[in-house]
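Participant: The structure's right below; bear with me while I get my questions together.
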Amino acid sequence: MKTLPAWIVLLALAGCGDKPADYFPGYAEAEYVRLATPIAGTLTRLHVQRGDQVKTNAPAFVLEQDGERAAREEAASRVQRAQAQLANLKKGRRPEELAAVRAQLAQAEAALTLSHSNLARQKQLVEDKFIAPSRMDEARGAVDRDQARVNELRAQLRVANLAARPDEIAAAEQELKAAQAQLAQAEWKLAQKTQNIPVAGSVTDVLYREGEFVQAGSPVVSVLPPQNIKLRFFVPEKQMAALRLGQDVVVACDGCKSSISAKVSYLSSAPEYTSPLIYSKENRAALVFMIEARPAPEQAVQLHPGQPVEIRLAQVR
C-alpha cells in the first residue's frame with residue numbers, strides 16, 4: 001500500500017480531533033541562500049563554519065587566484081600600451097624631429113635669400129653689359145629651386161605638427177576600449193574568487209573544505225536569513241474562499257515562548273491532494289490547498305525548518 005505524505009496524515013489527524021475549523025497543522029520551511037562562485041578553483045580559505053551567525057558582507061570563502069591575477073596584470077599592460085599608442089597618434093613628431101626640420105628650413109631660407117641676392121647682382125651686371133643675359137636664367141633657376149625647397153620644408157613642418165589620420169586615431173580608440181573591457185572582465189573574474197555573505201543570517205551548511213576543488217556554480221556555503229523562514233499549512237477546499245493575501249494568522253509550536261504572528265503570502269491555485277475517486281460533491285472535501293505565511297524576522301528566529309506548527313486564522317470572513 002502506498003504511504004501517504006506526512007502532511008496529509010497531519011491533516012487527517014487534525015480533522016479527527018476537537019480543534020476548531022480555523023486550526024490547521026503545518027510546518028516551518030526555509031529558503032536558503034546558497035553562496036557559490038561562477039569560476040572553478042581550489043578552496044584556499046574558509047571564513048565560516050556551520051552554525052555561525054554572520055552579518056552582511058562578512059567574508060565567506062576564497063578560491064585560489066593565481067591565474068586571475070596574472071590575467072588582470074596582462075590586461076592592465078594592454079590598456080597601458082593602447083593608451084600610449086593613442087596618445088602618440090594624437091600628437092605630432094618628437095621635439096627632436098621637429099627641430100631637425102626647422103633647421104633644414106632655416107638653411108633653405110638662407111639659401112633662398114642668397115639666390116635672390118645673386119639674381120639681383122646678375123641683373124645689374126647684365127644691364128651694365130658686363131655678362132651675357134644667359135647668366136640671368138641660371139640665377140632665376142637657382143631662386144626657383146631654393147623657393148621650392150623652402151616650400152617643401154614648410155609643408156614637412158606642418159605635417160610634423162599634425163596628429164595621425166582620423167581613421168588611425170579611431171582604430172586606436174577602439175583598441176583601447178577593447179583592452180579596457182578585457183581588464184574589466186579580468187578584474188571581475190578575480191573578484192568572483194572572493195565571496196562575502198550577501199545577507200545576514202545563520203550558516204546552515206558548509207559543503208567544501210579548504211584544499212578541495214570547487215566546480216563552477218557549486219554552492220560552498222548555505223545561509224538562512226530569518227526573513228527567509230516561512231510556514232506551510234493546508235486548507236480544505238471549502239475554506240479557500242475565506243483566505244486572502246496579507247491575512248493574519250497566529251502560529252503556535254512546541255517550545256515557542258509565545259504565539260507568533262504571520263501573514264499569508266501565497267495561496268496555491270491547485271489542490272495538493274485529491275481522493276482517488278471520481279470527483280463529486282461527496283468527496284471534494286478531500287481537496288486541500290497549500291498556503292504559505294511569513295512571520296516577522298524577529299519572531300522567525302524561534303522556528304526551525306521542518307518544525308511542526310499549528311496555525312489559526314486570525315480572521316475568517
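By convention here, the chains of the C-alpha cells are called A, B, ... in the order presented, each chain's residues are numbered starting at 1, and ligands are numbered starting at 1 in the order presented.
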Among range 16-234 of chain A, which residues carry a DSSP assignment of alpha helix (DSSP H), reported as a VMD selection string?

Facilitator: chain A and resid 16 66 to 90 95 to 127 134 to 161 166 to 192

Participant: Mind giving me the straight-line distance from CA of Met240 in chain A to CA of Val309 in chain A in Å, one decimal?

Facilitator: 19.6 Å

Participant: Nearest to Gln80 in chain A: which of A:Leu287, A:Leu313, A:Ala179, A:Val249 is it, counting only C-alpha atoms?

Facilitator: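 Among the listed residues, A:Ala179 lies closest to Gln80 in chain A.
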
Participant: Quote the spacing between CA of Ala108 in chain A and CA of Asp137 in chain A in Å to one decimal place.

Facilitator: 20.2 Å

Participant: Which of these residues is nearest to Ala191 in chain A, using only C-alpha atoms: A:Ala296, A:Cys256, A:Leu63, A:Val33?

Facilitator: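 For Ala191 in chain A, the nearest of the given residues is A:Leu63.
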
Participant: Can you list every residue in range 65-308 of chain A that DSSP puts in strand (DSSP E), as a PyMOL selection string?

Facilitator: chain A and resi 194-196+201-206+213-214+221-224+229-236+248-252+260-273+288-295+308

Participant: Please, could you write that set of residues out with C-alpha atoms as a PDB file, in the first residue's frame?

Facilitator:
```
ATOM      1  CA  THR A 194      36.432  36.061  -3.106  1.00  0.00           C
ATOM      2  CA  GLN A 195      32.872  35.797  -1.829  1.00  0.00           C
ATOM      3  CA  ASN A 196      31.194  37.656   1.029  1.00  0.00           C
ATOM      4  CA  GLY A 201      21.673  35.037   8.927  1.00  0.00           C
ATOM      5  CA  SER A 202      22.917  31.698  10.222  1.00  0.00           C
ATOM      6  CA  VAL A 203      25.265  29.352   8.364  1.00  0.00           C
ATOM      7  CA  THR A 204      23.305  26.137   7.933  1.00  0.00           C
ATOM      8  CA  ASP A 205      25.852  24.163   5.937  1.00  0.00           C
ATOM      9  CA  VAL A 206      29.412  24.229   4.598  1.00  0.00           C
ATOM     10  CA  PHE A 213      38.390  21.728  -5.721  1.00  0.00           C
ATOM     11  CA  VAL A 214      35.126  23.611  -6.210  1.00  0.00           C
ATOM     12  CA  VAL A 221      28.168  27.925   1.968  1.00  0.00           C
ATOM     13  CA  SER A 222      24.448  27.858   2.740  1.00  0.00           C
ATOM     14  CA  VAL A 223      22.953  30.718   4.760  1.00  0.00           C
ATOM     15  CA  LEU A 224      19.467  31.050   6.195  1.00  0.00           C
ATOM     16  CA  ILE A 229      11.657  31.272   7.035  1.00  0.00           C
ATOM     17  CA  LYS A 230       8.058  30.645   6.034  1.00  0.00           C
ATOM     18  CA  LEU A 231       5.178  28.484   7.175  1.00  0.00           C
ATOM     19  CA  ARG A 232       3.237  25.996   5.113  1.00  0.00           C
ATOM     20  CA  PHE A 233      -0.167  24.638   6.006  1.00  0.00           C
ATOM     21  CA  PHE A 234      -3.055  23.090   4.139  1.00  0.00           C
ATOM     22  CA  VAL A 235      -6.629  24.285   3.996  1.00  0.00           C
ATOM     23  CA  PRO A 236      -9.662  22.294   2.801  1.00  0.00           C
ATOM     24  CA  ASP A 248      -3.076  37.485   9.636  1.00  0.00           C
ATOM     25  CA  VAL A 249      -2.528  34.064  11.158  1.00  0.00           C
ATOM     26  CA  VAL A 250      -1.373  33.017  14.625  1.00  0.00           C
ATOM     27  CA  VAL A 251       1.254  30.293  14.934  1.00  0.00           C
ATOM     28  CA  ALA A 252       1.920  28.035  17.893  1.00  0.00           C
ATOM     29  CA  ILE A 260       3.930  34.010  16.528  1.00  0.00           C
ATOM     30  CA  SER A 261       2.175  36.356  14.144  1.00  0.00           C
ATOM     31  CA  ALA A 262       2.444  35.820  10.396  1.00  0.00           C
ATOM     32  CA  LYS A 263       0.778  36.979   7.210  1.00  0.00           C
ATOM     33  CA  VAL A 264      -0.457  34.871   4.326  1.00  0.00           C
ATOM     34  CA  SER A 265       1.970  35.342   1.420  1.00  0.00           C
ATOM     35  CA  TYR A 266       0.895  32.651  -1.046  1.00  0.00           C
ATOM     36  CA  LEU A 267      -2.347  30.877  -1.964  1.00  0.00           C
ATOM     37  CA  SER A 268      -1.980  27.794  -4.097  1.00  0.00           C
ATOM     38  CA  SER A 269      -4.112  27.778  -7.233  1.00  0.00           C
ATOM     39  CA  ALA A 270      -4.167  23.978  -7.497  1.00  0.00           C
ATOM     40  CA  PRO A 271      -5.058  21.258  -4.978  1.00  0.00           C
ATOM     41  CA  GLU A 272      -2.185  19.406  -3.343  1.00  0.00           C
ATOM     42  CA  TYR A 273      -4.108  16.154  -2.953  1.00  0.00           C
ATOM     43  CA  VAL A 288      -6.678  20.684   0.192  1.00  0.00           C
ATOM     44  CA  PHE A 289      -4.679  23.710  -0.941  1.00  0.00           C
ATOM     45  CA  MET A 290      -1.245  24.721   0.228  1.00  0.00           C
ATOM     46  CA  ILE A 291      -0.953  28.103   1.926  1.00  0.00           C
ATOM     47  CA  GLU A 292       2.234  29.921   2.841  1.00  0.00           C
ATOM     48  CA  ALA A 293       2.612  32.571   5.522  1.00  0.00           C
ATOM     49  CA  ARG A 294       5.635  34.582   6.571  1.00  0.00           C
ATOM     50  CA  PRO A 295       6.341  35.634  10.148  1.00  0.00           C
ATOM     51  CA  PRO A 308       5.641  21.144  13.105  1.00  0.00           C
TER      52      PRO A 308
END
```

Participant: For Arg69 in chain A, list every protein, DNA or RNA residue within 12 Å, evaluated using only C-alpha atoms, and leave out those in the same chain fewer than 2 positions away; present the list as a list of chain:residue names.

Facilitator: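 Neighbouring residues, sequence-local ones excluded: A:Glu64, A:Gln65, A:Asp66, A:Gly67, A:Ala71, A:Arg72, A:Glu73, A:Glu74, A:Ala75, A:Ala76, A:Leu183, A:Gln185, A:Ala186, A:Glu187, A:Trp188, A:Lys189, A:Leu190, A:Ala191, A:Gln192, A:Lys193.
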
Participant: Do you know which residues are at most 12 Å from Gln104 in chain A counting only C-alpha atoms, after dropping those on the same chain fewer than 6 positions away, and could you put them as an MDAnalysis selection string?

Facilitator: chainID A and resid 97:98 110:111 146 149:154 156:157

Participant: Using CA of Glu29 in chain A and CA of Ser218 in chain A as the two end points, give the distance in Å to one decimal.

Facilitator: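 Calculated distance between CA of Glu29 in chain A and CA of Ser218 in chain A is 22.5 Å.
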
Participant: What lies within 8 Å of Arg209 in chain A using only C-alpha atoms, ignoring chain neighbours under 3 positions off, as an MDAnalysis selection string?

Facilitator: chainID A and resid 43 46 206 212

Participant: Take the residues that were just selected and, keeping C-alpha atoms, output them as a tab-separated table (two decimals), in the first residue's frame.

Facilitator:
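Saved file selection-v1.tsv follows:
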```
chain	number	residue	atom	x	y	z
A	43	LEU	CA	39.18	26.45	-1.88
A	46	LEU	CA	37.05	29.29	4.53
A	206	VAL	CA	29.41	24.23	4.60
A	212	GLU	CA	39.08	20.82	-2.10
```

Participant: Choose the residue, out of A:Asp22, A:Arg78, A:Arg34, A:Thr56, that has the smallest atom-to-atom separation from Leu176 in chain A; count only C-alpha atoms.

Facilitator: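 Going through A:Asp22, A:Arg78, A:Arg34, A:Thr56 one by one, the smallest distance to Leu176 in chain A is for A:Arg78.
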
Participant: Can you pull out the residues contacting Pro219 in chain A? Cut-off 8 Å, using only C-alpha atoms, and skip same-chain residues under 4 positions away; I want them as a list in words.

Facilitator: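 What passes the distance filter is Arg34, Leu35, Ala36, Thr37 and Leu207 of chain A.
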
Participant: When you look at Pro297 in chain A with a cut-off of 6 Å (counting only C-alpha atoms), what residues show up, excluding the ones that are within fewer than 2 positions of it in the same chain? I need them as an mmCIF file with C-alpha atoms, in the first residue's frame.

Facilitator:
```
data_model
loop_
_atom_site.group_PDB
_atom_site.id
_atom_site.type_symbol
_atom_site.label_atom_id
_atom_site.label_comp_id
_atom_site.auth_asym_id
_atom_site.auth_seq_id
_atom_site.Cartn_x
_atom_site.Cartn_y
_atom_site.Cartn_z
ATOM 1 C CA PRO A 226 15.450 34.940 9.356
ATOM 2 C CA GLN A 227 13.228 36.601 6.770
ATOM 3 C CA GLN A 299 9.795 36.185 15.512
ATOM 4 C CA ALA A 300 11.006 33.752 12.852
#
```

Participant: Which one is closest to Lys257 in chain A: A:Gln239, A:Asn228, A:Gln124, A:Gln302? Count only C-alpha atoms.

Facilitator: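 Smallest separation from Lys257 in chain A among the options: A:Gln302.
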
Participant: When distances are computed from only C-alpha atoms, which of A:Ile169, A:Val301, A:Ala120, A:Leu105 shows the smallest separation from Lys91 in chain A?

Facilitator: A:Ile169
